[in-house]
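Undergrad: Let me give you the structure first, and then I'll get to my questions.
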Amino acid sequence: MAVPLQMRLKSYFMGDRLLRQQPLPPLFRYNPGSKHVSMQFSRALSGLINLIFNRRNLDEPPNSKRKRLRPGKISPRLKVPKNIPRPPYVKSFVPAGLVSGPEVHDEEGIQCMRASGRLAAQVLQYAGTLVKPGITTDEIDQAVHQMIIDNGAYPSPLGYSGFPKSVCTSVNECICHGIPDSRALEDGDIINIDVTVYLNGYHGDTSATFFCGDVDDEAKKLVQWNSFQNERTNSVVVLIP
């Protein structure tokens with residue numbers, strides 16, 4: 001059975017309205033200063049997660065000059081001024097549900113979507129300029145956090161089901177949603193920075209992968225190919241005039 005295009009595409013910008021919300025327990029548990037963040041899974045799923053993400057990290061990859069990624073220390077969560085509106089899930093741990101069908105927004109909603117998306121893009125561009133050997137992902141998080149709240153927005157990841165930081169920084173083999181910590185970026189790393197801001201009731205979400213210093217050809221090809229596929233996907237999205 002053919003699936004309508006609208007149902008296959010996920011919108012990057014979703015407002016509070018017309019969304020179903022379902023309770024979701026906190027996934028992340030951490031202590032400030034610790035090197036570990038625990039995630040809660042069902043018993044059946046936890047064994048698979050352990051096999052995929054933990055046991056494979058016991059040995060270093062063969063014929064590689066680079067060691068496997070190791071977690072650093074996680075600093076306390078940053079504060080957001082009280083006058084900045086929070087997404088509903090920050091205190092309730094009830095994140096916005098998935099859209100079950102097409103949404104039609106009025107002109108005011110469309111302008112709000114554009115504003116949140118524009119700010120997210122600006123923050124991402126700024127975050128990319130910070131990428132260099134020696135900087136920690138925690139320092140990137142602090143800079144991103146400050147820019148977001150300076151613009152009157154809330155960093156959407158902060159408090160999402162217990163997520164402890166304001167941006168996601170995924171280095172090398174970390175697939176996505178990496179938690180910023182004390183590990184310093186090294187020459188040859190690649191890092192995906194995922195920025196989401198909550199402004200005027202709408203989330204603006206964007207991400208990109210950046211090169212840190214002198215990156216090898218294999219990593220460059222990976223990033224360039226993913227960027228190409230992302231552009232192809234975006235080409236089928238109908239833009240609002």
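Ligands are numbered from 1 in the order shown, chains are lettered A, B, ... in the order of the structure tokens, and residues start at 1 in each chain.
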Residues at most 9 Å from segment 156-159 of chain A, counting only C-alpha atoms, excluding those fewer than 3 positions away in the same chain, as a VMD selection string?
TA: chain A and resid 77 to 78 86 to 87 89 to 91 93 153 162 to 168 195 to 198 203 to 205
Undergrad: Would you pick out the contacts of segment 223-230 of chain A at 8 Å or less, using only C-alpha atoms, so that residues sharing its chain but fewer than 4 positions from it are not included, and give the list as a PyMOL selection string?
TA: chain A and resi 209+219+234
Undergrad: From the options A:Ala121, A:Pro85, A:Ile74, A:Lys132, which residue's atoms come nearest to Thr206 of chain A, counting only C-alpha atoms?
TA: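 Looking at the shortest contact to Thr206 of chain A, the residue is A:Ala121.
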Undergrad: Give me, as JSON lines, the closest atom pair and its distance (Å, one decimal) for every residue of segment 77-175 of chain A within a cut-off of 6 Å of segment 187-191 of chain A, counting only C-alpha atoms, rows sorted by chain and rising number.
TA:
{"residue": "A:Pro133", "atom": "CA", "partner": "A:Asp187", "partner_atom": "CA", "distance": 5.3}
{"residue": "A:Ser170", "atom": "CA", "partner": "A:Ile191", "partner_atom": "CA", "distance": 5.5}
{"residue": "A:Val171", "atom": "CA", "partner": "A:Ile191", "partner_atom": "CA", "distance": 4.4}
{"residue": "A:Asn172", "atom": "CA", "partner": "A:Ile190", "partner_atom": "CA", "distance": 5.4}
Undergrad: What does the structure give for the distance between atom CA of Thr129 of chain A and atom CA of Pro180 of chain A, in Å to one decimal?
TA: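 These two atoms are separated by 16.6 Å.
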Undergrad: Return the single residue from A:Val236, A:Leu124, A:Val80, A:Ile193 that is closest to Asp150 of chain A, with distances computed using only C-alpha atoms.
TA: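 Distance minimum relative to Asp150 of chain A lands on A:Val80.
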Undergrad: Under the rule that only C-alpha atoms are counted, which of A:Thr169, A:Tyr202, A:Val99, A:Thr136 is the nearest residue to Cys112 of chain A?
TA: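 The shortest atom-to-atom distance to Cys112 of chain A comes from A:Tyr202.
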Undergrad: Let me make sure I understand: among A:Met147, A:Asn200, A:Cys212, A:Glu218, which one has the smallest atom-to-atom distance to Arg114 of chain A if we use only C-alpha atoms?
TA: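 Using only C-alpha atoms, the shortest distance to Arg114 of chain A belongs to A:Asn200.
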Undergrad: Just list as an mmCIF file with all heavy atoms, in the first residue's frame whatever in segment 71-229 of chain A DSSP marks as strand (DSSP E).
TA:
data_model
loop_
_atom_site.group_PDB
_atom_site.id
_atom_site.type_symbol
_atom_site.label_atom_id
_atom_site.label_comp_id
_atom_site.auth_asym_id
_atom_site.auth_seq_id
_atom_site.Cartn_x
_atom_site.Cartn_y
_atom_site.Cartn_z
ATOM 1 N N TYR A 154 14.657 29.015 24.138
ATOM 2 C CA TYR A 154 15.024 27.927 25.062
ATOM 3 C C TYR A 154 15.735 26.830 24.262
ATOM 4 O O TYR A 154 15.283 26.448 23.173
ATOM 5 C CB TYR A 154 13.780 27.355 25.739
ATOM 6 C CG TYR A 154 14.085 26.304 26.782
ATOM 7 C CD1 TYR A 154 14.271 26.660 28.111
ATOM 8 C CD2 TYR A 154 14.204 24.960 26.424
ATOM 9 C CE1 TYR A 154 14.570 25.703 29.074
ATOM 10 C CE2 TYR A 154 14.505 23.995 27.384
ATOM 11 C CZ TYR A 154 14.693 24.377 28.703
ATOM 12 O OH TYR A 154 14.994 23.429 29.647
ATOM 13 N N PRO A 155 16.849 26.293 24.778
ATOM 14 C CA PRO A 155 17.530 25.178 24.098
ATOM 15 C C PRO A 155 16.728 23.883 24.260
ATOM 16 O O PRO A 155 16.705 23.284 25.334
ATOM 17 C CB PRO A 155 18.882 25.095 24.821
ATOM 18 C CG PRO A 155 18.647 25.717 26.165
ATOM 19 C CD PRO A 155 17.576 26.747 25.982
ATOM 20 N N CYS A 168 23.313 18.715 21.103
ATOM 21 C CA CYS A 168 23.848 17.357 20.933
ATOM 22 C C CYS A 168 25.137 17.441 20.119
ATOM 23 O O CYS A 168 25.170 18.060 19.050
ATOM 24 C CB CYS A 168 22.847 16.466 20.211
ATOM 25 S SG CYS A 168 21.289 16.235 21.082
ATOM 26 N N THR A 169 26.192 16.831 20.631
ATOM 27 C CA THR A 169 27.485 16.824 19.938
ATOM 28 C C THR A 169 27.939 15.377 19.773
ATOM 29 O O THR A 169 28.291 14.718 20.740
ATOM 30 C CB THR A 169 28.541 17.621 20.730
ATOM 31 O OG1 THR A 169 28.598 17.121 22.078
ATOM 32 C CG2 THR A 169 28.191 19.097 20.769
ATOM 33 N N SER A 170 27.929 14.898 18.553
ATOM 34 C CA SER A 170 28.238 13.491 18.282
ATOM 35 C C SER A 170 29.568 13.399 17.545
ATOM 36 O O SER A 170 29.683 13.824 16.393
ATOM 37 C CB SER A 170 27.122 12.855 17.457
ATOM 38 O OG SER A 170 25.872 13.035 18.108
ATOM 39 N N VAL A 171 30.572 12.854 18.224
ATOM 40 C CA VAL A 171 31.934 12.809 17.703
ATOM 41 C C VAL A 171 32.249 11.413 17.154
ATOM 42 O O VAL A 171 31.967 10.408 17.801
ATOM 43 C CB VAL A 171 32.949 13.177 18.808
ATOM 44 C CG1 VAL A 171 34.376 13.128 18.268
ATOM 45 C CG2 VAL A 171 32.632 14.551 19.389
ATOM 46 N N ILE A 190 35.607 14.137 13.430
ATOM 47 C CA ILE A 190 34.431 14.747 12.819
ATOM 48 C C ILE A 190 33.390 14.864 13.917
ATOM 49 O O ILE A 190 33.310 14.019 14.811
ATOM 50 C CB ILE A 190 33.883 13.937 11.624
ATOM 51 C CG1 ILE A 190 33.509 12.507 12.041
ATOM 52 C CG2 ILE A 190 34.881 13.919 10.487
ATOM 53 C CD1 ILE A 190 32.805 11.726 10.931
ATOM 54 N N ILE A 191 32.599 15.918 13.874
ATOM 55 C CA ILE A 191 31.619 16.146 14.930
ATOM 56 C C ILE A 191 30.319 16.658 14.332
ATOM 57 O O ILE A 191 30.310 17.625 13.553
ATOM 58 C CB ILE A 191 32.144 17.140 15.993
ATOM 59 C CG1 ILE A 191 31.034 17.470 17.017
ATOM 60 C CG2 ILE A 191 32.704 18.406 15.351
ATOM 61 C CD1 ILE A 191 31.503 18.314 18.175
ATOM 62 N N ASN A 192 29.228 15.986 14.657
ATOM 63 C CA ASN A 192 27.903 16.467 14.274
ATOM 64 C C ASN A 192 27.347 17.302 15.422
ATOM 65 O O ASN A 192 27.343 16.862 16.572
ATOM 66 C CB ASN A 192 26.958 15.313 13.960
ATOM 67 C CG ASN A 192 25.570 15.817 13.584
ATOM 68 O OD1 ASN A 192 24.704 16.013 14.427
ATOM 69 N ND2 ASN A 192 25.373 16.051 12.296
ATOM 70 N N ILE A 193 26.922 18.506 15.099
ATOM 71 C CA ILE A 193 26.316 19.392 16.087
ATOM 72 C C ILE A 193 24.844 19.541 15.731
ATOM 73 O O ILE A 193 24.497 19.960 14.624
ATOM 74 C CB ILE A 193 27.014 20.759 16.118
ATOM 75 C CG1 ILE A 193 28.500 20.584 16.457
ATOM 76 C CG2 ILE A 193 26.350 21.684 17.134
ATOM 77 C CD1 ILE A 193 29.288 21.886 16.452
ATOM 78 N N ASP A 194 23.990 19.167 16.661
ATOM 79 C CA ASP A 194 22.537 19.159 16.452
ATOM 80 C C ASP A 194 21.922 20.246 17.332
ATOM 81 O O ASP A 194 21.911 20.131 18.557
ATOM 82 C CB ASP A 194 21.983 17.786 16.804
ATOM 83 C CG ASP A 194 20.517 17.620 16.408
ATOM 84 O OD1 ASP A 194 19.861 18.624 16.116
ATOM 85 O OD2 ASP A 194 20.031 16.476 16.402
ATOM 86 N N VAL A 195 21.428 21.307 16.697
ATOM 87 C CA VAL A 195 20.883 22.465 17.419
ATOM 88 C C VAL A 195 19.364 22.490 17.284
ATOM 89 O O VAL A 195 18.829 22.377 16.175
ATOM 90 C CB VAL A 195 21.469 23.780 16.865
ATOM 91 C CG1 VAL A 195 20.772 24.993 17.498
ATOM 92 C CG2 VAL A 195 22.968 23.843 17.100
ATOM 93 N N THR A 196 18.680 22.639 18.398
ATOM 94 C CA THR A 196 17.233 22.833 18.381
ATOM 95 C C THR A 196 16.886 23.944 19.357
ATOM 96 O O THR A 196 17.342 23.943 20.498
ATOM 97 C CB THR A 196 16.482 21.550 18.787
ATOM 98 O OG1 THR A 196 17.013 20.430 18.093
ATOM 99 C CG2 THR A 196 15.000 21.673 18.478
ATOM 100 N N VAL A 197 16.086 24.899 18.887
ATOM 101 C CA VAL A 197 15.681 26.021 19.734
ATOM 102 C C VAL A 197 14.159 26.071 19.817
ATOM 103 O O VAL A 197 13.459 25.676 18.880
ATOM 104 C CB VAL A 197 16.221 27.364 19.196
ATOM 105 C CG1 VAL A 197 17.732 27.316 19.052
ATOM 106 C CG2 VAL A 197 15.580 27.731 17.855
ATOM 107 N N TYR A 198 13.680 26.549 20.948
ATOM 108 C CA TYR A 198 12.233 26.698 21.158
ATOM 109 C C TYR A 198 11.946 28.194 21.264
ATOM 110 O O TYR A 198 12.355 28.852 22.223
ATOM 111 C CB TYR A 198 11.824 25.969 22.431
ATOM 112 C CG TYR A 198 10.347 26.023 22.744
ATOM 113 C CD1 TYR A 198 9.428 25.273 22.002
ATOM 114 C CD2 TYR A 198 9.862 26.795 23.804
ATOM 115 C CE1 TYR A 198 8.074 25.298 22.306
ATOM 116 C CE2 TYR A 198 8.509 26.820 24.113
ATOM 117 C CZ TYR A 198 7.617 26.069 23.367
ATOM 118 O OH TYR A 198 6.284 26.096 23.668
ATOM 119 N N LEU A 199 11.267 28.730 20.255
ATOM 120 C CA LEU A 199 11.012 30.166 20.185
ATOM 121 C C LEU A 199 9.567 30.423 19.776
ATOM 122 O O LEU A 199 9.105 29.890 18.766
ATOM 123 C CB LEU A 199 11.967 30.814 19.173
ATOM 124 C CG LEU A 199 11.874 32.325 18.982
ATOM 125 C CD1 LEU A 199 12.296 33.060 20.261
ATOM 126 C CD2 LEU A 199 12.746 32.769 17.803
ATOM 127 N N TYR A 202 7.441 27.337 18.973
ATOM 128 C CA TYR A 202 7.830 26.435 17.894
ATOM 129 C C TYR A 202 9.295 26.037 18.039
ATOM 130 O O TYR A 202 10.131 26.837 18.457
ATOM 131 C CB TYR A 202 7.625 27.088 16.524
ATOM 132 C CG TYR A 202 6.176 27.184 16.114
ATOM 133 C CD1 TYR A 202 5.366 28.216 16.581
ATOM 134 C CD2 TYR A 202 5.615 26.228 15.273
ATOM 135 C CE1 TYR A 202 4.028 28.300 16.215
ATOM 136 C CE2 TYR A 202 4.279 26.296 14.899
ATOM 137 C CZ TYR A 202 3.487 27.345 15.379
ATOM 138 O OH TYR A 202 2.166 27.408 15.017
ATOM 139 N N HIS A 203 9.584 24.781 17.649
ATOM 140 C CA HIS A 203 10.951 24.283 17.661
ATOM 141 C C HIS A 203 11.573 24.436 16.275
ATOM 142 O O HIS A 203 10.965 24.054 15.270
ATOM 143 C CB HIS A 203 10.994 22.794 18.047
ATOM 144 C CG HIS A 203 10.513 22.510 19.436
ATOM 145 N ND1 HIS A 203 11.323 22.643 20.543
ATOM 146 C CD2 HIS A 203 9.296 22.095 19.892
ATOM 147 C CE1 HIS A 203 10.634 22.325 21.631
ATOM 148 N NE2 HIS A 203 9.401 21.985 21.259
ATOM 149 N N GLY A 204 12.781 24.975 16.230
ATOM 150 C CA GLY A 204 13.570 25.003 15.003
ATOM 151 C C GLY A 204 14.730 24.044 15.182
ATOM 152 O O GLY A 204 15.485 24.149 16.152
ATOM 153 N N ASP A 205 14.895 23.088 14.267
ATOM 154 C CA ASP A 205 15.865 21.995 14.445
ATOM 155 C C ASP A 205 16.761 21.883 13.220
ATOM 156 O O ASP A 205 16.272 21.846 12.089
ATOM 157 C CB ASP A 205 15.088 20.692 14.657
ATOM 158 C CG ASP A 205 15.996 19.514 14.973
ATOM 159 O OD1 ASP A 205 17.211 19.729 15.133
ATOM 160 O OD2 ASP A 205 15.493 18.386 15.046
ATOM 161 N N THR A 206 18.060 21.828 13.419
ATOM 162 C CA THR A 206 18.990 21.673 12.310
ATOM 163 C C THR A 206 20.296 21.077 12.821
ATOM 164 O O THR A 206 20.598 21.168 14.012
ATOM 165 C CB THR A 206 19.266 23.023 11.621
ATOM 166 O OG1 THR A 206 20.106 22.827 10.486
ATOM 167 C CG2 THR A 206 19.936 24.003 12.570
ATOM 168 N N SER A 207 21.054 20.451 11.942
ATOM 169 C CA SER A 207 22.342 19.888 12.345
ATOM 170 C C SER A 207 23.270 19.824 11.149
ATOM 171 O O SER A 207 22.836 19.872 9.987
ATOM 172 C CB SER A 207 22.185 18.491 12.962
ATOM 173 O OG SER A 207 21.958 17.529 11.955
ATOM 174 N N ALA A 208 24.546 19.709 11.430
ATOM 175 C CA ALA A 208 25.556 19.562 10.383
ATOM 176 C C ALA A 208 26.780 18.895 10.990
ATOM 177 O O ALA A 208 26.989 18.951 12.205
ATOM 178 C CB ALA A 208 25.932 20.917 9.776
ATOM 179 N N THR A 209 27.572 18.278 10.145
ATOM 180 C CA THR A 209 28.810 17.635 10.591
ATOM 181 C C THR A 209 30.004 18.475 10.141
ATOM 182 O O THR A 209 30.078 18.889 8.980
ATOM 183 C CB THR A 209 28.921 16.212 10.031
ATOM 184 O OG1 THR A 209 27.793 15.440 10.479
ATOM 185 C CG2 THR A 209 30.199 15.533 10.525
ATOM 186 N N PHE A 210 30.927 18.706 11.073
ATOM 187 C CA PHE A 210 32.074 19.567 10.819
ATOM 188 C C PHE A 210 33.378 18.779 10.941
ATOM 189 O O PHE A 210 33.468 17.812 11.695
ATOM 190 C CB PHE A 210 32.080 20.734 11.817
ATOM 191 C CG PHE A 210 30.849 21.593 11.757
ATOM 192 C CD1 PHE A 210 29.753 21.321 12.576
ATOM 193 C CD2 PHE A 210 30.772 22.666 10.884
ATOM 194 C CE1 PHE A 210 28.603 22.105 12.522
ATOM 195 C CE2 PHE A 210 29.635 23.462 10.822
ATOM 196 C CZ PHE A 210 28.546 23.180 11.638
ATOM 197 N N PHE A 211 34.395 19.232 10.199
ATOM 198 C CA PHE A 211 35.721 18.647 10.279
ATOM 199 C C PHE A 211 36.536 19.374 11.340
ATOM 200 O O PHE A 211 36.495 20.597 11.435
ATOM 201 C CB PHE A 211 36.447 18.760 8.941
ATOM 202 C CG PHE A 211 35.758 18.057 7.805
ATOM 203 C CD1 PHE A 211 35.714 18.630 6.538
ATOM 204 C CD2 PHE A 211 35.153 16.828 7.992
ATOM 205 C CE1 PHE A 211 35.094 17.983 5.488
ATOM 206 C CE2 PHE A 211 34.525 16.172 6.954
ATOM 207 C CZ PHE A 211 34.496 16.750 5.694
#
Undergrad: Restricting the calculation to only C-alpha atoms, which member of A:Lys220, A:Met113, A:Thr137, A:Ser161 is positioned closest to Pro88 of chain A?
TA: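 Smallest distance to Pro88 of chain A is found for A:Ser161.
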Undergrad: Report the distance between atom CA of Glu139 of chain A and atom CA of His177 of chain A in Å, rounded to one decimal place.
TA: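 About the pair atom CA of Glu139 of chain A and atom CA of His177 of chain A: they are 16.5 Å apart.
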Undergrad: State, in Å with one decimal place, the distance from atom CA of Leu69 of chain A to atom CA of Ile179 of chain A.
TA: 12.5 Å
